[in-house]
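J.: Just my_file_19.cif, nothing more (mmCIF, C-alpha atoms, pLDDT in the B column; chains and numbers go by the auth columns):
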data_final
#
loop_
_atom_site.group_PDB
_atom_site.id
_atom_site.type_symbol
_atom_site.label_atom_id
_atom_site.label_comp_id
_atom_site.label_asym_id
_atom_site.label_seq_id
_atom_site.Cartn_x
_atom_site.Cartn_y
_atom_site.Cartn_z
_atom_site.B_iso_or_equiv
_atom_site.auth_seq_id
_atom_site.auth_asym_id
ATOM 1 C CA MET A 1 69.507 -98.227 30.922 60.00 1 P
ATOM 2 C CA GLY A 2 66.194 -99.449 32.387 69.00 2 P
ATOM 3 C CA ASN A 3 66.660 -97.382 35.561 75.00 3 P
ATOM 4 C CA LYS A 4 67.170 -94.172 33.555 77.00 4 P
ATOM 5 C CA ILE A 5 63.883 -94.669 31.703 80.00 5 P
ATOM 6 C CA PHE A 6 62.073 -95.548 34.926 75.00 6 P
ATOM 7 C CA TYR A 7 63.366 -92.465 36.755 72.00 7 P
ATOM 8 C CA SER A 8 62.637 -90.263 33.747 74.00 8 P
ATOM 9 C CA ILE A 9 59.022 -91.430 33.688 78.00 9 P
ATOM 10 C CA ILE A 10 58.695 -90.882 37.461 79.00 10 P
ATOM 11 C CA GLY A 11 60.211 -87.395 37.063 73.00 11 P
ATOM 12 C CA ILE A 12 57.766 -86.497 34.290 81.00 12 P
ATOM 13 C CA VAL A 13 54.794 -87.725 36.362 76.00 13 P
ATOM 14 C CA VAL A 14 55.930 -85.722 39.421 78.00 14 P
ATOM 15 C CA VAL A 15 56.427 -82.569 37.345 76.00 15 P
ATOM 16 C CA ALA A 16 52.980 -83.044 35.783 72.00 16 P
ATOM 17 C CA PHE A 17 51.320 -83.423 39.200 74.00 17 P
ATOM 18 C CA VAL A 18 53.097 -80.344 40.542 68.00 18 P
ATOM 19 C CA GLY A 19 52.069 -78.370 37.464 65.00 19 P
ATOM 20 C CA VAL A 20 48.416 -79.420 37.778 66.00 20 P
ATOM 21 C CA PHE A 21 48.438 -78.618 41.510 65.00 21 P
ATOM 22 C CA LEU A 22 49.921 -75.147 40.950 60.00 22 P
ATOM 23 C CA TYR A 23 47.488 -74.383 38.131 58.00 23 P
ATOM 24 C CA MET A 24 44.446 -75.425 40.179 56.00 24 P
ATOM 25 C CA ASN A 25 45.666 -73.583 43.261 55.00 25 P
ATOM 26 C CA ASN A 26 46.282 -70.336 41.348 50.00 26 P
ATOM 27 C CA SER A 27 43.046 -70.401 39.376 46.00 27 P
ATOM 28 C CA SER A 28 40.912 -70.917 42.482 49.00 28 P
ATOM 29 C CA SER A 29 42.385 -67.774 44.068 55.00 29 P
ATOM 30 C CA GLU A 30 41.276 -65.590 41.161 71.00 30 P
ATOM 31 C CA PRO A 31 38.044 -63.764 42.113 63.00 31 P
ATOM 32 C CA GLU A 32 36.335 -64.380 38.775 64.00 32 P
ATOM 33 C CA GLN A 33 36.955 -68.133 39.180 70.00 33 P
ATOM 34 C CA LEU A 34 34.783 -68.324 42.324 75.00 34 P
ATOM 35 C CA SER A 35 31.533 -68.024 40.405 81.00 35 P
ATOM 36 C CA ASP A 36 30.232 -69.085 37.033 85.00 36 P
ATOM 37 C CA SER A 37 29.127 -65.512 36.333 84.00 37 P
ATOM 38 C CA GLY A 38 32.460 -63.944 37.338 87.00 38 P
ATOM 39 C CA TYR A 39 30.618 -61.652 39.789 90.00 39 P
ATOM 40 C CA TYR A 40 32.931 -60.545 42.613 92.00 40 P
ATOM 41 C CA PRO A 41 31.989 -57.341 44.480 93.00 41 P
ATOM 42 C CA TYR A 42 34.305 -57.880 47.466 94.00 42 P
ATOM 43 C CA THR A 43 37.183 -56.002 45.865 92.00 43 P
ATOM 44 C CA ASP A 44 38.792 -55.139 49.195 94.00 44 P
ATOM 45 C CA LEU A 45 38.896 -58.770 50.355 93.00 45 P
ATOM 46 C CA GLU A 46 41.074 -61.633 49.194 90.00 46 P
ATOM 47 C CA THR A 47 39.213 -64.683 47.925 89.00 47 P
ATOM 48 C CA ASP A 48 40.457 -66.844 50.800 89.00 48 P
ATOM 49 C CA GLU A 49 38.900 -64.367 53.265 91.00 49 P
ATOM 50 C CA LEU A 50 35.334 -65.003 52.006 92.00 50 P
ATOM 51 C CA SER A 51 33.106 -67.401 53.879 92.00 51 P
ATOM 52 C CA GLY A 52 31.649 -70.413 52.092 91.00 52 P
ATOM 53 C CA PRO A 53 28.057 -69.122 52.286 95.00 53 P
ATOM 54 C CA THR A 54 29.132 -65.854 50.628 95.00 54 P
ATOM 55 C CA ILE A 55 30.831 -67.741 47.827 93.00 55 P
ATOM 56 C CA ASP A 56 27.647 -69.791 47.364 93.00 56 P
ATOM 57 C CA LYS A 57 25.674 -66.551 46.757 94.00 57 P
ATOM 58 C CA LEU A 58 27.998 -65.123 44.091 94.00 58 P
ATOM 59 C CA ASP A 59 25.942 -66.653 41.266 93.00 59 P
ATOM 60 C CA ASP A 60 22.574 -65.680 42.775 95.00 60 P
ATOM 61 C CA GLU A 61 21.427 -62.606 40.834 95.00 61 P
ATOM 62 C CA ASN A 62 19.369 -61.431 43.818 96.00 62 P
ATOM 63 C CA TYR A 63 22.680 -60.566 45.484 96.00 63 P
ATOM 64 C CA HIS A 64 24.315 -58.716 42.593 96.00 64 P
ATOM 65 C CA TYR A 65 23.932 -55.237 44.134 96.00 65 P
ATOM 66 C CA ASN A 66 26.665 -55.649 46.745 97.00 66 P
ATOM 67 C CA GLN A 67 29.175 -53.001 47.664 97.00 67 P
ATOM 68 C CA THR A 68 32.083 -52.978 50.079 97.00 68 P
ATOM 69 C CA LEU A 69 31.678 -51.297 53.455 98.00 69 P
ATOM 70 C CA ASP A 70 33.913 -48.438 52.294 97.00 70 P
ATOM 71 C CA GLU A 71 31.703 -47.929 49.228 97.00 71 P
ATOM 72 C CA VAL A 72 28.527 -47.902 51.354 97.00 72 P
ATOM 73 C CA ASN A 73 30.115 -45.439 53.778 97.00 73 P
ATOM 74 C CA ALA A 74 31.086 -43.188 50.854 96.00 74 P
ATOM 75 C CA ILE A 75 27.519 -43.255 49.503 95.00 75 P
ATOM 76 C CA VAL A 76 26.100 -42.314 52.894 95.00 76 P
ATOM 77 C CA ASP A 77 28.816 -39.728 53.652 95.00 77 P
ATOM 78 C CA ASN A 78 28.304 -38.076 50.254 94.00 78 P
ATOM 79 C CA GLY A 79 24.688 -37.418 51.177 93.00 79 P
ATOM 80 C CA GLU A 80 23.228 -39.543 48.417 90.00 80 P
ATOM 81 C CA ASP A 81 19.643 -40.683 48.857 95.00 81 P
ATOM 82 C CA GLU A 82 20.048 -44.440 49.001 97.00 82 P
ATOM 83 C CA PHE A 83 18.410 -47.642 50.158 98.00 83 P
ATOM 84 C CA VAL A 84 20.949 -49.976 51.765 98.00 84 P
ATOM 85 C CA TYR A 85 20.013 -53.602 52.375 98.00 85 P
ATOM 86 C CA PHE A 86 21.998 -55.287 55.152 98.00 86 P
ATOM 87 C CA TRP A 87 21.899 -59.053 54.732 98.00 87 P
ATOM 88 C CA SER A 88 23.701 -62.251 55.666 98.00 88 P
ATOM 89 C CA PRO A 89 24.241 -65.336 53.509 97.00 89 P
ATOM 90 C CA THR A 90 23.522 -67.530 56.549 97.00 90 P
ATOM 91 C CA CYS A 91 20.225 -65.806 57.406 97.00 91 P
ATOM 92 C CA ARG A 92 17.172 -67.869 56.487 97.00 92 P
ATOM 93 C CA HIS A 93 15.004 -64.734 56.681 97.00 93 P
ATOM 94 C CA CYS A 94 17.272 -63.011 54.144 97.00 94 P
ATOM 95 C CA GLU A 95 17.034 -66.060 51.892 97.00 95 P
ATOM 96 C CA ASN A 96 13.246 -65.686 51.905 97.00 96 P
ATOM 97 C CA ALA A 97 13.063 -61.871 51.810 98.00 97 P
ATOM 98 C CA THR A 98 15.693 -60.980 49.211 98.00 98 P
ATOM 99 C CA PRO A 99 13.679 -62.115 46.152 98.00 99 P
ATOM 100 C CA TYR A 100 10.765 -59.956 47.409 98.00 100 P
ATOM 101 C CA LEU A 101 13.139 -57.036 47.909 98.00 101 P
ATOM 102 C CA ILE A 102 14.528 -57.309 44.383 98.00 102 P
ATOM 103 C CA ASP A 103 11.016 -57.578 42.923 98.00 103 P
ATOM 104 C CA ALA A 104 9.964 -54.484 44.875 98.00 104 P
ATOM 105 C CA PHE A 105 12.913 -52.457 43.607 97.00 105 P
ATOM 106 C CA GLU A 106 12.268 -53.583 40.037 97.00 106 P
ATOM 107 C CA ASN A 107 8.575 -52.649 40.410 97.00 107 P
ATOM 108 C CA THR A 108 9.277 -49.197 41.873 96.00 108 P
ATOM 109 C CA GLY A 109 12.208 -48.305 39.639 96.00 109 P
ATOM 110 C CA GLU A 110 14.326 -47.365 42.651 96.00 110 P
ATOM 111 C CA GLU A 111 17.849 -48.639 43.277 96.00 111 P
ATOM 112 C CA VAL A 112 19.289 -50.586 46.176 97.00 112 P
ATOM 113 C CA THR A 113 22.774 -51.189 47.515 98.00 113 P
ATOM 114 C CA GLN A 114 23.458 -54.407 49.392 98.00 114 P
ATOM 115 C CA LEU A 115 25.951 -54.984 52.195 98.00 115 P
ATOM 116 C CA ASN A 116 26.879 -58.469 53.390 98.00 116 P
ATOM 117 C CA VAL A 117 27.273 -58.148 57.159 98.00 117 P
ATOM 118 C CA ASP A 118 29.025 -61.520 57.409 97.00 118 P
ATOM 119 C CA GLU A 119 31.935 -60.185 55.382 97.00 119 P
ATOM 120 C CA TYR A 120 31.794 -56.689 56.919 98.00 120 P
ATOM 121 C CA GLU A 121 31.020 -57.429 60.561 97.00 121 P
ATOM 122 C CA GLN A 122 31.807 -53.875 61.694 97.00 122 P
ATOM 123 C CA ALA A 123 28.609 -52.786 59.885 98.00 123 P
ATOM 124 C CA TRP A 124 26.543 -54.339 62.685 98.00 124 P
ATOM 125 C CA GLN A 125 27.824 -51.741 65.121 98.00 125 P
ATOM 126 C CA GLU A 126 28.448 -48.906 62.685 97.00 126 P
ATOM 127 C CA TYR A 127 24.850 -48.950 61.419 98.00 127 P
ATOM 128 C CA GLN A 128 23.294 -50.365 64.611 98.00 128 P
ATOM 129 C CA ILE A 129 21.944 -53.430 62.841 98.00 129 P
ATOM 130 C CA GLU A 130 20.036 -55.613 65.280 97.00 130 P
ATOM 131 C CA ALA A 131 18.916 -58.325 62.853 97.00 131 P
ATOM 132 C CA THR A 132 18.998 -59.245 59.208 98.00 132 P
ATOM 133 C CA PRO A 133 17.484 -58.505 56.833 98.00 133 P
ATOM 134 C CA THR A 134 17.417 -54.746 57.436 98.00 134 P
ATOM 135 C CA LEU A 135 16.640 -52.145 54.771 98.00 135 P
ATOM 136 C CA ILE A 136 17.648 -48.578 55.661 98.00 136 P
ATOM 137 C CA TYR A 137 16.848 -45.442 53.691 98.00 137 P
ATOM 138 C CA PHE A 138 19.440 -42.662 53.876 97.00 138 P
ATOM 139 C CA GLU A 139 18.825 -39.088 52.801 95.00 139 P
ATOM 140 C CA ASN A 140 21.439 -36.324 52.954 94.00 140 P
ATOM 141 C CA GLY A 141 23.768 -38.661 54.836 94.00 141 P
ATOM 142 C CA GLU A 142 21.269 -39.403 57.597 96.00 142 P
ATOM 143 C CA GLU A 143 19.127 -42.422 58.276 97.00 143 P
ATOM 144 C CA VAL A 144 15.468 -41.604 57.648 97.00 144 P
ATOM 145 C CA ASP A 145 13.884 -44.952 58.523 98.00 145 P
ATOM 146 C CA ARG A 146 14.479 -48.682 58.471 98.00 146 P
ATOM 147 C CA LEU A 147 12.535 -51.866 57.863 98.00 147 P
ATOM 148 C CA THR A 148 13.825 -54.873 59.769 97.00 148 P
ATOM 149 C CA GLY A 149 12.773 -58.442 59.098 97.00 149 P
ATOM 150 C CA ASP A 150 10.993 -60.218 56.284 96.00 150 P
ATOM 151 C CA PRO A 151 7.757 -58.472 55.264 96.00 151 P
ATOM 152 C CA GLY A 152 6.629 -61.711 53.602 96.00 152 P
ATOM 153 C CA ASN A 153 5.964 -60.239 50.161 97.00 153 P
ATOM 154 C CA ALA A 154 7.171 -57.649 47.662 97.00 154 P
ATOM 155 C CA GLU A 155 4.297 -55.311 48.507 97.00 155 P
ATOM 156 C CA GLY A 156 5.627 -54.841 52.048 96.00 156 P
ATOM 157 C CA TYR A 157 8.918 -53.617 50.618 98.00 157 P
ATOM 158 C CA GLU A 158 7.179 -51.532 47.938 97.00 158 P
ATOM 159 C CA GLU A 159 5.164 -49.653 50.583 97.00 159 P
ATOM 160 C CA PHE A 160 8.353 -48.811 52.475 97.00 160 P
ATOM 161 C CA ILE A 161 10.227 -47.829 49.300 98.00 161 P
ATOM 162 C CA ASN A 162 7.422 -45.612 48.051 97.00 162 P
ATOM 163 C CA ALA A 163 6.981 -43.960 51.450 97.00 163 P
ATOM 164 C CA MET A 164 10.691 -43.183 51.636 96.00 164 P
ATOM 165 C CA ALA A 165 11.027 -42.068 48.030 91.00 165 P
ATOM 166 C CA GLY A 166 7.997 -39.784 48.428 83.00 166 P
ATOM 167 C CA GLU A 167 5.756 -41.558 45.951 57.00 167 P
ATOM 168 C CA ASN A 168 2.728 -42.294 48.132 43.00 168 P
#
Render the structure in this file as structure tokens.

T.:
Amino acid sequence: MGNKIFYSIIGIVVVAFVGVFLYMNNSSSEPEQLSDSGYYPYTDLETDELSGPTIDKLDDENYHYNQTLDEVNAIVDNGEDEFVYFWSPTCRHCENATPYLIDAFENTGEEVTQLNVDEYEQAWQEYQIEATPTLIYFENGEEVDRLTGDPGNAEGYEEFINAMAGEN
């Protein structure tokens, strides 16, 4: 009789551990579980494909303008006038410049699309990106101009944005 109780308790403990393991494993693969905010723009990538630095940026509101490479290509191919910011979550210059960029776009009232080149490596070649951060302005499906590097303040971005948007 004692062995039956012992084995029953062991069985219950094993089932409980398996259940907890399966629950934790499944919930961590859900995109909205990766960040506190539930922000997940990488809709064409599985959660286990994302790099750790990208996951770390999901809750940073400065990076909440991301699109997939296909979405960026569609914007450009459709001839929309658009600023596209190419950045990397491992780039210390991007870390410094992105808050200035967001401030500049808020100050000018223009919109920006972001593309994480760590997750979409083909963008380096496709858009001839030499370094991050790079902000490119597209008009009628063609690149008009680009600003590469950290301008050091929001005003540097605002000058570029206003020049491109025709608001000198």

J.: Find the distance between atom CA of Leu69 of chain P and atom CA of Gly109 of chain P and write it in Å to one decimal.

T.: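 Separation between atom CA of Leu69 of chain P and atom CA of Gly109 of chain P: 24.1 Å.
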
J.: Given the choices P:Asn73, P:Gln125, P:Asn78, P:Ser35, which gets closest to Asp59 of chain P if the distance is worked out from all atoms listed in the file?

T.: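 The answer is P:Ser35, which sits nearest to Asp59 of chain P.
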
J.: I want to know what sits within 9 Å of Ile102 of chain P, based on all atoms listed in the file, with residues of the same chain fewer than 6 positions away left out; could you give that as a PyMOL selection string?

T.: chain P and resi 62-63+112+154

J.: Create the file for the chosen residues now, containing C-alpha atoms and written as a PDB file, in the frame of the given file.

T.:
ATOM      1  CA  ASN P  62      19.369 -61.431  43.818  1.00 96.00           C
ATOM      2  CA  TYR P  63      22.680 -60.566  45.484  1.00 96.00           C
ATOM      3  CA  VAL P 112      19.289 -50.586  46.176  1.00 97.00           C
ATOM      4  CA  ALA P 154       7.171 -57.649  47.662  1.00 97.00           C
TER       5      ALA P 154
END

J.: Can you list what the PyMOL selection byres ((chain P and resi 146) around 8) grabs from this structure, as a list in words?

T.: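 So the PyMOL selection byres ((chain P and resi 146) around 8) ends up selecting Thr134, Leu135, Ile136, Tyr137, Glu143, Val144, Asp145, Leu147 and Thr148 of chain P.
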
J.: Would you export the selected residues with C-alpha atoms as a PDB file, keeping the file's coordinate frame, please?

T.:
ATOM      1  CA  THR P 134      17.417 -54.746  57.436  1.00 98.00           C
ATOM      2  CA  LEU P 135      16.640 -52.145  54.771  1.00 98.00           C
ATOM      3  CA  ILE P 136      17.648 -48.578  55.661  1.00 98.00           C
ATOM      4  CA  TYR P 137      16.848 -45.442  53.691  1.00 98.00           C
ATOM      5  CA  GLU P 143      19.127 -42.422  58.276  1.00 97.00           C
ATOM      6  CA  VAL P 144      15.468 -41.604  57.648  1.00 97.00           C
ATOM      7  CA  ASP P 145      13.884 -44.952  58.523  1.00 98.00           C
ATOM      8  CA  LEU P 147      12.535 -51.866  57.863  1.00 98.00           C
ATOM      9  CA  THR P 148      13.825 -54.873  59.769  1.00 97.00           C
TER      10      THR P 148
END

J.: Could you tell me which residues the PyMOL selection byres ((chain P and resi 152) around 12) returns for this structure, as number ranges by chain?

T.: P: 93-101, 104, 133, 148-151, 153-158

J.: Please fill the gaps in segment 57-78 of chain P so it has N, CA and C atoms, and write that as a compact mmCIF listing (two decimals), in the frame of the given file.

T.:
# COMPACT_ATOMS: atom_id res chain seq x y z
N LYS P 57 26.63 -67.56 47.23
CA LYS P 57 25.67 -66.55 46.76
C LYS P 57 26.18 -65.75 45.56
N LEU P 58 27.43 -65.93 45.17
CA LEU P 58 28.00 -65.12 44.09
C LEU P 58 27.25 -65.28 42.77
N ASP P 59 26.68 -66.44 42.51
CA ASP P 59 25.94 -66.65 41.27
C ASP P 59 24.46 -66.36 41.39
N ASP P 60 23.99 -66.00 42.58
CA ASP P 60 22.57 -65.68 42.78
C ASP P 60 22.36 -64.21 42.40
N GLU P 61 21.61 -63.98 41.33
CA GLU P 61 21.43 -62.61 40.83
C GLU P 61 20.71 -61.69 41.83
N ASN P 62 20.02 -62.25 42.79
CA ASN P 62 19.37 -61.43 43.82
C ASN P 62 20.39 -60.73 44.71
N TYR P 63 21.63 -61.16 44.65
CA TYR P 63 22.68 -60.57 45.48
C TYR P 63 23.75 -59.89 44.63
N HIS P 64 23.36 -59.37 43.48
CA HIS P 64 24.32 -58.72 42.59
C HIS P 64 24.28 -57.19 42.71
N TYR P 65 23.95 -56.68 43.88
CA TYR P 65 23.93 -55.24 44.13
C TYR P 65 24.86 -54.90 45.30
N ASN P 66 25.79 -55.80 45.60
CA ASN P 66 26.66 -55.65 46.74
C ASN P 66 27.73 -54.60 46.53
N GLN P 67 28.07 -53.96 47.62
CA GLN P 67 29.18 -53.00 47.66
C GLN P 67 30.05 -53.36 48.86
N THR P 68 31.23 -52.81 48.90
CA THR P 68 32.08 -52.98 50.08
C THR P 68 31.60 -52.01 51.16
N LEU P 69 32.05 -52.21 52.37
CA LEU P 69 31.68 -51.30 53.46
C LEU P 69 32.18 -49.89 53.16
N ASP P 70 33.39 -49.77 52.64
CA ASP P 70 33.91 -48.44 52.29
C ASP P 70 33.05 -47.75 51.24
N GLU P 71 32.56 -48.51 50.27
CA GLU P 71 31.70 -47.93 49.23
C GLU P 71 30.36 -47.48 49.81
N VAL P 72 29.79 -48.28 50.70
CA VAL P 72 28.53 -47.90 51.35
C VAL P 72 28.74 -46.65 52.20
N ASN P 73 29.82 -46.62 52.96
CA ASN P 73 30.12 -45.44 53.78
C ASN P 73 30.27 -44.20 52.91
N ALA P 74 30.91 -44.33 51.76
CA ALA P 74 31.09 -43.19 50.85
C ALA P 74 29.74 -42.70 50.32
N ILE P 75 28.85 -43.63 49.99
CA ILE P 75 27.52 -43.26 49.50
C ILE P 75 26.78 -42.46 50.58
N VAL P 76 26.80 -42.98 51.79
CA VAL P 76 26.10 -42.31 52.89
C VAL P 76 26.76 -40.98 53.21
N ASP P 77 28.09 -40.96 53.31
CA ASP P 77 28.82 -39.73 53.65
C ASP P 77 28.66 -38.64 52.59
N ASN P 78 28.48 -39.05 51.34
CA ASN P 78 28.30 -38.08 50.25
C ASN P 78 26.89 -37.50 50.22
